[in-house]
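Here is the file target_29.cif (mmCIF, C-alpha atoms).
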```cif
data_final
loop_
_atom_site.group_PDB
_atom_site.id
_atom_site.type_symbol
_atom_site.label_atom_id
_atom_site.label_comp_id
_atom_site.auth_asym_id
_atom_site.auth_seq_id
_atom_site.Cartn_x
_atom_site.Cartn_y
_atom_site.Cartn_z
ATOM 1 C CA MET A 279 58.528 57.393 19.434
ATOM 2 C CA LEU A 280 57.776 54.116 17.735
ATOM 3 C CA ILE A 281 54.931 54.235 15.198
ATOM 4 C CA LEU A 282 53.559 50.948 13.886
ATOM 5 C CA GLU A 283 50.793 50.522 11.334
ATOM 6 C CA CYS A 284 48.197 48.024 12.508
ATOM 7 C CA PRO A 285 47.611 45.599 9.621
ATOM 8 C CA TYR A 286 44.031 44.948 10.759
ATOM 9 C CA CYS A 287 42.695 48.498 10.905
ATOM 10 C CA GLY A 288 45.333 50.469 9.000
ATOM 11 C CA VAL A 289 45.871 52.978 11.818
ATOM 12 C CA LYS A 290 49.362 54.354 12.212
ATOM 13 C CA ALA A 291 49.374 53.873 15.935
ATOM 14 C CA ASP A 292 52.000 55.311 18.191
ATOM 15 C CA GLU A 293 53.624 53.205 20.856
ATOM 16 C CA THR A 294 51.304 54.436 23.600
ATOM 17 C CA GLU A 295 48.272 52.955 21.826
ATOM 18 C CA LEU A 296 49.911 49.540 21.702
ATOM 19 C CA SER A 297 50.897 46.854 24.162
ATOM 20 C CA PRO A 298 54.134 44.933 23.689
ATOM 21 C CA GLY A 299 54.012 41.153 23.298
ATOM 22 C CA TYR A 300 57.768 40.511 23.031
ATOM 23 C CA GLU A 301 59.373 38.011 20.664
ATOM 24 C CA ALA A 302 57.367 36.688 17.717
ATOM 25 C CA HIS A 303 57.408 33.296 16.030
ATOM 26 C CA LEU A 304 58.079 31.256 19.156
ATOM 27 C CA LYS A 305 57.556 27.559 18.625
ATOM 28 C CA ARG A 306 55.829 25.963 21.563
ATOM 29 C CA PHE A 307 57.366 22.937 23.258
ATOM 30 C CA GLY A 308 54.866 21.370 25.606
ATOM 31 C CA PRO A 309 54.169 17.886 26.938
ATOM 32 C CA GLY A 310 56.520 15.319 25.428
ATOM 33 C CA ALA A 311 59.328 17.788 24.761
ATOM 34 C CA SER A 312 62.731 17.386 26.365
ATOM 35 C CA PRO A 313 63.552 19.533 29.407
ATOM 36 C CA GLU A 314 66.145 21.431 27.329
ATOM 37 C CA GLU A 315 63.613 22.246 24.621
ATOM 38 C CA PHE A 316 61.056 23.340 27.179
ATOM 39 C CA GLU A 317 63.564 25.490 29.000
ATOM 40 C CA ALA A 318 64.578 27.165 25.737
ATOM 41 C CA TYR A 319 60.937 27.747 24.829
ATOM 42 C CA MET A 320 60.106 29.077 28.267
ATOM 43 C CA PHE A 321 63.088 31.273 29.013
ATOM 44 C CA ALA A 322 65.523 31.738 26.142
ATOM 45 C CA ARG A 323 64.689 34.901 24.240
ATOM 46 C CA LYS A 324 66.575 36.534 21.446
ATOM 47 C CA ASN A 325 67.874 39.946 22.331
ATOM 48 C CA PRO A 326 69.445 41.086 19.100
ATOM 49 C CA LYS A 327 70.967 44.421 18.314
ATOM 50 C CA GLY A 328 69.407 44.874 14.917
ATOM 51 C CA VAL A 329 66.533 43.178 13.130
ATOM 52 C CA HIS A 330 63.932 41.742 15.475
ATOM 53 C CA PHE A 331 60.440 40.305 15.090
ATOM 54 C CA GLU A 332 57.957 41.246 17.766
ATOM 55 C CA ARG A 333 54.343 40.787 18.747
ATOM 56 C CA TRP A 334 52.284 43.877 19.445
ATOM 57 C CA ARG A 335 48.672 44.332 20.401
ATOM 58 C CA HIS A 336 46.643 47.303 19.209
ATOM 59 C CA SER A 337 45.126 47.536 22.657
ATOM 60 C CA TYR A 338 43.647 51.050 22.440
ATOM 61 C CA GLY A 339 42.269 50.380 18.973
ATOM 62 C CA CYS A 340 40.901 47.274 17.322
ATOM 63 C CA GLY A 341 42.376 45.005 20.008
ATOM 64 C CA LYS A 342 44.103 42.662 17.554
ATOM 65 C CA TRP A 343 47.538 41.122 17.910
ATOM 66 C CA PHE A 344 49.927 41.718 15.025
ATOM 67 C CA LEU A 345 53.599 41.205 14.292
ATOM 68 C CA ALA A 346 56.225 43.784 13.503
ATOM 69 C CA ALA A 347 59.740 43.664 12.070
ATOM 70 C CA ARG A 348 61.952 46.442 13.349
ATOM 71 C CA CYS A 349 65.513 47.282 14.196
ATOM 72 C CA THR A 350 66.209 47.453 17.909
ATOM 73 C CA ALA A 351 69.246 49.673 17.384
ATOM 74 C CA THR A 352 67.805 52.375 15.126
ATOM 75 C CA LEU A 353 64.055 51.884 15.838
ATOM 76 C CA GLU A 354 63.541 51.623 12.074
ATOM 77 C CA VAL A 355 60.332 49.761 11.306
ATOM 78 C CA PHE A 356 60.554 47.463 8.283
ATOM 79 C CA GLY A 357 56.912 46.466 8.301
ATOM 80 C CA THR A 358 53.996 44.974 10.178
ATOM 81 C CA TYR A 359 52.027 41.890 9.248
ATOM 82 C CA SER A 360 49.260 39.545 10.296
ATOM 83 C CA SER A 361 49.903 37.334 13.310
ATOM 84 C CA GLN A 362 48.373 34.304 11.562
ATOM 85 C CA VAL A 363 51.732 33.212 10.167
ATOM 86 C CA SER A 364 54.456 31.047 11.666
ATOM 87 C CA GLU A 365 57.367 32.795 9.970
ATOM 88 C CA PRO A 366 58.013 36.249 8.473
ATOM 89 C CA PRO A 367 56.376 36.632 5.035
ATOM 90 C CA ALA A 368 58.536 37.064 1.935
ATOM 91 C CA ASP A 369 57.638 40.716 1.354
ATOM 92 C CA ILE A 370 58.758 41.655 4.869
ATOM 93 C CA ILE A 371 62.034 39.762 4.395
ATOM 94 C CA ALA A 372 62.544 41.574 1.069
ATOM 95 C CA LYS A 373 61.962 44.927 2.772
ATOM 96 C CA ILE A 374 64.490 44.113 5.484
ATOM 97 C CA GLN A 375 67.060 42.911 2.944
ATOM 98 C CA ALA A 376 66.591 46.096 0.929
ATOM 99 C CA ARG A 377 67.628 48.069 4.006
ATOM 100 C CA ARG A 378 70.102 45.560 5.482
ATOM 101 C CA PRO A 379 71.922 43.873 2.585
ATOM 102 C CA GLY A 380 73.142 40.421 3.507
ATOM 103 C CA TRP A 381 70.716 39.965 6.358
ATOM 104 C CA GLN A 382 69.160 36.483 6.519
ATOM 105 C CA PRO A 383 65.959 35.473 8.323
ATOM 106 C CA ASP A 384 67.654 32.958 10.636
ATOM 107 C CA GLY A 385 70.075 35.614 11.790
ATOM 108 C CA LYS A 386 73.062 34.397 9.759
ATOM 109 C CA VAL A 387 74.726 37.073 7.674
ATOM 110 C CA THR A 388 76.182 35.879 4.377
ATOM 111 C CA LYS A 389 78.856 37.933 2.705
ATOM 112 C CA MET B 22 10.175 50.925 33.961
ATOM 113 C CA SER B 23 12.596 53.376 35.515
ATOM 114 C CA ASP B 24 13.901 56.248 33.419
ATOM 115 C CA PRO B 25 17.341 55.815 31.839
ATOM 116 C CA VAL B 26 19.952 58.152 33.279
ATOM 117 C CA SER B 27 23.084 59.064 31.366
ATOM 118 C CA ALA B 28 26.462 58.910 33.062
ATOM 119 C CA LEU B 29 26.746 62.611 33.964
ATOM 120 C CA ASN B 30 23.117 63.646 33.611
ATOM 121 C CA GLY B 31 23.845 65.842 30.597
ATOM 122 C CA ALA B 32 26.702 67.861 32.111
ATOM 123 C CA SER B 33 28.068 70.618 29.891
ATOM 124 C CA PHE B 34 30.905 73.117 29.793
ATOM 125 C CA GLN B 35 31.526 76.187 27.673
ATOM 126 C CA GLY B 36 35.176 76.901 27.076
ATOM 127 C CA PHE B 37 36.784 77.797 23.751
ATOM 128 C CA ALA B 38 34.689 74.891 22.521
ATOM 129 C CA SER B 39 31.497 73.546 23.961
ATOM 130 C CA ILE B 40 31.437 70.178 25.700
ATOM 131 C CA ARG B 41 28.200 68.309 26.301
ATOM 132 C CA GLU B 42 27.524 64.907 27.672
ATOM 133 C CA ILE B 43 24.716 63.546 25.541
ATOM 134 C CA GLY B 44 22.601 60.509 25.978
ATOM 135 C CA PRO B 45 21.309 58.171 26.942
ATOM 136 C CA ILE B 46 21.929 56.676 23.518
ATOM 137 C CA GLY B 47 21.203 53.124 22.480
ATOM 138 C CA MET B 48 24.274 51.136 21.521
ATOM 139 C CA ILE B 49 24.672 47.560 20.435
ATOM 140 C CA THR B 50 27.979 45.789 20.035
ATOM 141 C CA LEU B 51 27.727 43.364 17.155
ATOM 142 C CA ARG B 52 30.521 40.877 16.704
ATOM 143 C CA ALA B 53 30.340 39.099 13.390
ATOM 144 C CA LYS B 54 32.550 38.564 10.385
ATOM 145 C CA GLY B 55 31.824 37.547 6.831
ATOM 146 C CA LEU B 56 28.197 36.523 7.404
ATOM 147 C CA LYS B 57 25.943 36.431 4.386
ATOM 148 C CA SER B 58 23.062 38.168 6.194
ATOM 149 C CA LEU B 59 25.260 40.780 7.896
ATOM 150 C CA ASP B 60 24.597 43.660 5.477
ATOM 151 C CA LYS B 61 20.861 43.061 5.647
ATOM 152 C CA ALA B 62 20.878 42.771 9.445
ATOM 153 C CA ILE B 63 22.780 46.052 9.890
ATOM 154 C CA LYS B 64 20.541 47.804 7.375
ATOM 155 C CA SER B 65 17.422 46.636 9.194
ATOM 156 C CA VAL B 66 18.629 48.226 12.447
ATOM 157 C CA THR B 67 20.443 51.411 11.409
ATOM 158 C CA GLY B 68 19.319 51.868 7.791
ATOM 159 C CA THR B 69 22.949 52.196 6.717
ATOM 160 C CA LYS B 70 25.265 50.033 4.710
ATOM 161 C CA THR B 71 27.937 48.022 6.459
ATOM 162 C CA PRO B 72 30.843 50.399 7.102
ATOM 163 C CA ALA B 73 34.170 49.774 5.441
ATOM 164 C CA GLN B 74 37.394 49.632 7.463
ATOM 165 C CA ARG B 75 37.512 52.479 10.039
ATOM 166 C CA ARG B 76 34.374 54.161 8.709
ATOM 167 C CA ILE B 77 31.138 55.111 10.369
ATOM 168 C CA GLU B 78 27.900 55.303 8.393
ATOM 169 C CA VAL B 79 25.487 57.831 9.866
ATOM 170 C CA ASN B 80 21.772 57.944 9.156
ATOM 171 C CA GLY B 81 20.079 60.647 11.266
ATOM 172 C CA ASP B 82 20.094 59.461 14.874
ATOM 173 C CA ARG B 83 21.273 56.023 13.846
ATOM 174 C CA ALA B 84 24.752 54.951 12.843
ATOM 175 C CA CYS B 85 26.957 51.947 12.356
ATOM 176 C CA GLY B 86 30.664 52.169 13.083
ATOM 177 C CA TRP B 87 33.542 49.816 12.254
ATOM 178 C CA MET B 88 35.301 48.901 15.497
ATOM 179 C CA SER B 89 37.579 46.075 14.364
ATOM 180 C CA PRO B 90 37.558 43.467 11.568
ATOM 181 C CA ASP B 91 34.894 41.498 13.433
ATOM 182 C CA GLU B 92 33.118 44.141 15.484
ATOM 183 C CA TYR B 93 30.547 46.843 14.716
ATOM 184 C CA LEU B 94 28.976 49.463 16.919
ATOM 185 C CA LEU B 95 25.305 50.095 16.200
ATOM 186 C CA ILE B 96 23.963 53.416 17.463
ATOM 187 C CA LEU B 97 20.226 54.018 17.723
ATOM 188 C CA PRO B 98 17.649 55.704 19.960
ATOM 189 C CA TYR B 99 17.741 54.299 23.489
ATOM 190 C CA ALA B 100 14.155 53.038 23.417
ATOM 191 C CA GLY B 101 14.712 51.010 20.250
ATOM 192 C CA VAL B 102 17.415 48.671 21.546
ATOM 193 C CA ALA B 103 15.228 45.718 22.545
ATOM 194 C CA ASP B 104 13.483 45.735 19.161
ATOM 195 C CA ALA B 105 16.803 46.019 17.355
ATOM 196 C CA LEU B 106 18.266 43.064 19.257
ATOM 197 C CA ALA B 107 15.229 40.982 18.358
ATOM 198 C CA LYS B 108 15.619 41.993 14.690
ATOM 199 C CA LEU B 109 19.316 41.089 14.724
ATOM 200 C CA ALA B 110 18.648 37.739 16.376
ATOM 201 C CA LYS B 111 16.027 36.979 13.727
ATOM 202 C CA SER B 112 18.008 38.038 10.674
ATOM 203 C CA LEU B 113 21.255 36.436 11.871
ATOM 204 C CA SER B 114 19.725 33.272 13.333
ATOM 205 C CA GLY B 115 21.817 30.216 12.580
ATOM 206 C CA GLU B 116 24.903 32.338 11.852
ATOM 207 C CA HIS B 117 27.762 32.814 14.307
ATOM 208 C CA HIS B 118 27.402 36.237 15.871
ATOM 209 C CA LEU B 119 27.085 38.069 19.156
ATOM 210 C CA ALA B 120 24.867 41.115 19.731
ATOM 211 C CA VAL B 121 24.785 42.783 23.131
ATOM 212 C CA ASP B 122 23.102 45.895 24.485
ATOM 213 C CA VAL B 123 25.913 48.130 25.785
ATOM 214 C CA SER B 124 23.895 51.365 26.034
ATOM 215 C CA ASP B 125 24.360 51.695 29.779
ATOM 216 C CA ALA B 126 28.046 50.779 29.647
ATOM 217 C CA ARG B 127 29.009 53.874 27.660
ATOM 218 C CA ALA B 128 29.117 57.626 27.951
ATOM 219 C CA VAL B 129 28.886 59.886 24.898
ATOM 220 C CA PHE B 130 30.171 63.438 24.536
ATOM 221 C CA ARG B 131 29.821 66.113 21.886
ATOM 222 C CA ILE B 132 32.674 68.568 21.390
ATOM 223 C CA GLU B 133 31.562 71.462 19.215
ATOM 224 C CA GLY B 134 32.936 74.761 17.975
ATOM 225 C CA ASP B 135 35.491 76.067 15.495
ATOM 226 C CA LYS B 136 38.351 74.904 17.670
ATOM 227 C CA ALA B 137 36.830 71.592 18.776
ATOM 228 C CA ALA B 138 39.773 69.701 17.323
ATOM 229 C CA ASP B 139 42.178 71.652 19.563
ATOM 230 C CA VAL B 140 40.457 70.284 22.660
ATOM 231 C CA LEU B 141 41.072 66.747 21.423
ATOM 232 C CA ARG B 142 44.566 67.316 20.029
ATOM 233 C CA LYS B 143 45.852 67.731 23.555
ATOM 234 C CA LEU B 144 44.375 64.434 24.698
ATOM 235 C CA PHE B 145 44.648 61.957 21.818
ATOM 236 C CA PRO B 146 47.724 60.562 20.025
ATOM 237 C CA VAL B 147 45.829 61.118 16.773
ATOM 238 C CA ASP B 148 46.691 63.307 13.783
ATOM 239 C CA PHE B 149 43.493 65.342 13.423
ATOM 240 C CA GLU B 150 44.742 66.867 10.152
ATOM 241 C CA VAL B 151 44.236 63.544 8.408
ATOM 242 C CA LEU B 152 41.110 62.399 10.233
ATOM 243 C CA GLU B 153 38.455 62.333 7.526
ATOM 244 C CA PRO B 154 34.770 63.069 8.037
ATOM 245 C CA GLY B 155 33.068 59.710 8.461
ATOM 246 C CA GLU B 156 36.186 58.087 9.853
ATOM 247 C CA MET B 157 35.900 56.423 13.228
ATOM 248 C CA ARG B 158 39.076 56.463 15.261
ATOM 249 C CA ARG B 159 39.529 54.285 18.306
ATOM 250 C CA SER B 160 42.338 55.504 20.477
ATOM 251 C CA ARG B 161 42.899 56.756 23.972
ATOM 252 C CA ALA B 162 41.826 59.955 25.735
ATOM 253 C CA ALA B 163 44.826 60.532 27.999
ATOM 254 C CA GLN B 164 44.714 57.288 30.008
ATOM 255 C CA VAL B 165 41.456 55.671 28.952
ATOM 256 C CA PRO B 166 40.168 54.059 25.746
ATOM 257 C CA ALA B 167 37.805 56.156 23.648
ATOM 258 C CA ALA B 168 36.467 56.329 20.109
ATOM 259 C CA LEU B 169 35.586 59.448 18.173
ATOM 260 C CA TRP B 170 34.410 60.656 14.826
ATOM 261 C CA LYS B 171 33.697 63.986 13.112
ATOM 262 C CA GLN B 172 30.041 64.785 12.741
ATOM 263 C CA ASP B 173 28.201 68.045 11.963
ATOM 264 C CA GLN B 174 30.950 70.621 12.731
ATOM 265 C CA GLY B 175 32.100 68.825 15.836
ATOM 266 C CA PHE B 176 33.167 65.530 17.268
ATOM 267 C CA THR B 177 31.290 62.742 18.979
ATOM 268 C CA LEU B 178 33.308 60.869 21.583
ATOM 269 C CA VAL B 179 32.374 57.532 23.103
ATOM 270 C CA CYS B 180 34.027 56.129 26.215
ATOM 271 C CA PHE B 181 33.221 53.718 29.012
ATOM 272 C CA ARG B 182 30.664 54.941 31.504
ATOM 273 C CA SER B 183 32.926 54.133 34.438
ATOM 274 C CA VAL B 184 35.412 56.783 33.259
ATOM 275 C CA ALA B 185 32.853 59.415 32.223
ATOM 276 C CA THR B 186 33.791 61.783 35.064
ATOM 277 C CA TYR B 187 37.474 61.448 34.208
ATOM 278 C CA VAL B 188 36.836 62.161 30.515
ATOM 279 C CA MET B 189 34.586 65.132 31.328
ATOM 280 C CA GLY B 190 37.397 66.456 33.530
ATOM 281 C CA LEU B 191 39.908 66.047 30.721
ATOM 282 C CA LEU B 192 37.699 67.769 28.163
ATOM 283 C CA THR B 193 36.796 70.598 30.542
ATOM 284 C CA HIS B 194 40.424 71.229 31.402
ATOM 285 C CA SER B 195 41.522 70.996 27.780
ATOM 286 C CA ALA B 196 38.822 73.470 26.672
ATOM 287 C CA GLN B 197 39.689 76.179 29.201
ATOM 288 C CA PRO B 198 39.485 79.643 27.630
ATOM 289 C CA GLY B 199 42.953 80.945 26.848
ATOM 290 C CA SER B 200 44.451 77.486 26.349
ATOM 291 C CA GLU B 201 43.828 77.334 22.597
ATOM 292 C CA ILE B 202 46.645 75.824 20.576
#
```
Do you think you could lay out the structure here as structure tokens?
Amino acid sequence: MLILECPYCGVKADETELSPGYEAHLKRFGPGASPEEFEAYMFARKNPKGVHFERWRHSYGCGKWFLAARCTATLEVFGTYSSQVSEPPADIIAKIQARRPGWQPDGKVTK
Amino acid sequence: MSDPVSALNGASFQGFASIREIGPIGMITLRAKGLKSLDKAIKSVTGTKTPAQRRIEVNGDRACGWMSPDEYLLILPYAGVADALAKLAKSLSGEHHLAVDVSDARAVFRIEGDKAADVLRKLFPVDFEVLEPGEMRRSRAAQVPAALWKQDQGFTLVCFRSVATYVMGLLTHSAQPGSEI
């Protein structure tokens, strides 16, 4: 069971109280973008084994969207944060790096 | 004016805890955030302070609950809703807010008895050991959204009126004698 803490109401909500919103931090490519960019925006989704950023909605609670950083392999949750950001905040990145040494936000692992 | 009728006409059930549908109760949904007159407006309707995150402030038959960062639930006697809406409109005029009478869109239940929490434990994904008095918890009752809080040796549960029969069925089944946890 996945338990995420909603950053808006502080409830430790279990998965059944939430609705999934899939990958977070997508950058929109709309009118004026190249077909390749639009295709990537529309269809190409990361599907990592490991650290992943996701959107979730606290649908049976306060109804707000929030973002979560978790590991898709172990279901470990590194943290949840406000959805009003365009990239993961520094404290979340620090928490992930504390648990996954060498992990970098863009997915590159430096040794 | 016709008489208000609650969702289940005051249905009740006595199992290892007692279940009662109560109401009709006046309810106003107030959506507002960070307004300078908000505290005063809430106080004028319910006589309580503005609740902090996840709290409900109770004042006799009136209460104000925190529903989300920009939403409050005002509870008051059914007959007082029109006056309360007028008061809110006056004290919040010129500020961005939304206040709507939702009294007839909701059903309210009381679950009372020593083992009242056991009835709810089976239905909600909520840890009742850490639910504090005065804390309002929005969650789900089996398959439908519901909110509840501890009050006077029992729980008050609010759900949508359209699912009142379903929720009464859940509570009745969960409170069957012999099915204590």
In Å to one decimal, how far is CA of Glu315 (chain A) from CA of Ile374 (chain A)?
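If I compute the distance from CA of Ile374 (chain A) to CA of Glu315 (chain A), I get 29.1 Å.
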Chain B near chain A within 8 Å: what's each residue's closest atom pair and its distance in Å to one decimal, counting only C-alpha atoms, ordered by chain then ascending residue number, as CSV?
```
residue,atom,partner,partner_atom,distance
B:Gln74,CA,A:Cys287,CA,6.4
B:Arg75,CA,A:Cys287,CA,6.6
B:Met88,CA,A:Cys340,CA,6.1
B:Ser89,CA,A:Cys340,CA,4.6
B:Pro90,CA,A:Tyr286,CA,6.7
B:Pro146,CA,A:Asp292,CA,7.0
B:Arg158,CA,A:Gly339,CA,7.8
B:Arg159,CA,A:Gly339,CA,4.8
B:Ser160,CA,A:Tyr338,CA,5.0
B:Arg161,CA,A:Tyr338,CA,6.0
B:Pro166,CA,A:Tyr338,CA,5.7
B:Ala167,CA,A:Tyr338,CA,7.9
```
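Between Tyr300 (chain A) and the residues A:Ala347, A:Val363, A:Val355, A:Ala376, the shortest atom-to-atom distance, using only C-alpha atoms, involves A:Ala347.
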Resolved residues for the PyMOL selection byres ((chain A and resi 305) around 12) as a ChimeraX atom specification:
/A:301-304,306-308,311,315-316,318-320,322-323,363-365
Preceding selection exported with C-alpha atoms as a PDB file, in the frame of the given file:
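Written file, part-v3.pdb:
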```
ATOM      1  CA  GLU A 301      59.373  38.011  20.664  1.00  0.00           C
ATOM      2  CA  ALA A 302      57.367  36.688  17.717  1.00  0.00           C
ATOM      3  CA  HIS A 303      57.408  33.296  16.030  1.00  0.00           C
ATOM      4  CA  LEU A 304      58.079  31.256  19.156  1.00  0.00           C
ATOM      5  CA  ARG A 306      55.829  25.963  21.563  1.00  0.00           C
ATOM      6  CA  PHE A 307      57.366  22.937  23.258  1.00  0.00           C
ATOM      7  CA  GLY A 308      54.866  21.370  25.606  1.00  0.00           C
ATOM      8  CA  ALA A 311      59.328  17.788  24.761  1.00  0.00           C
ATOM      9  CA  GLU A 315      63.613  22.246  24.621  1.00  0.00           C
ATOM     10  CA  PHE A 316      61.056  23.340  27.179  1.00  0.00           C
ATOM     11  CA  ALA A 318      64.578  27.165  25.737  1.00  0.00           C
ATOM     12  CA  TYR A 319      60.937  27.747  24.829  1.00  0.00           C
ATOM     13  CA  MET A 320      60.106  29.077  28.267  1.00  0.00           C
ATOM     14  CA  ALA A 322      65.523  31.738  26.142  1.00  0.00           C
ATOM     15  CA  ARG A 323      64.689  34.901  24.240  1.00  0.00           C
ATOM     16  CA  VAL A 363      51.732  33.212  10.167  1.00  0.00           C
ATOM     17  CA  SER A 364      54.456  31.047  11.666  1.00  0.00           C
ATOM     18  CA  GLU A 365      57.367  32.795   9.970  1.00  0.00           C
TER      19      GLU A 365
END
```
Care to translate the PyMOL selection byres ((chain B and resi 60-72) around 8) into actual residues of this file, as a list in words?
Lys57, Ser58, Leu59, Ala73, Gln74, Arg75, Arg76, Ile77, Glu78, Val79, Asn80, Arg83, Ala84, Cys85, Gly86, Trp87, Leu95, Ile96, Leu97, Ala105, Lys108, Leu109, Ser112 and Leu113 of chain B
Determine the residue set returned by the PyMOL selection byres ((chain B and resi 46) around 6) for the present structure, and present it as a ChimeraX atom specification.
/B:44-45,47,98-99
Quick check, in Å to one decimal: how far apart do CA of Ala163 (chain B) and CA of Asp82 (chain B) lie?
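Between CA of Ala163 (chain B) and CA of Asp82 (chain B) the gap works out to 28.0 Å.
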Name the residues, using the chain letters and numbers of the file, that sit within 12 Å of (36.2, 72.3, 17.6) when counting only C-alpha atoms, and give them as a PyMOL selection string.
chain B and resi 35-40+131-142+149+171-177+192+195-196+201-202
May I ask for the distance between CA of Thr352 (chain A) and CA of Lys324 (chain A), given in Å to one decimal place?
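Interatomic distance, CA of Thr352 (chain A) to CA of Lys324 (chain A): 17.1 Å.
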Counting all atoms listed in the file, which residue out of A:Arg333, A:Thr350, A:Pro383, A:Glu283 sits closest to Gln362 (chain A)?
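When distances to Gln362 (chain A) are compared using all atoms listed in the file, the smallest one comes from A:Arg333.
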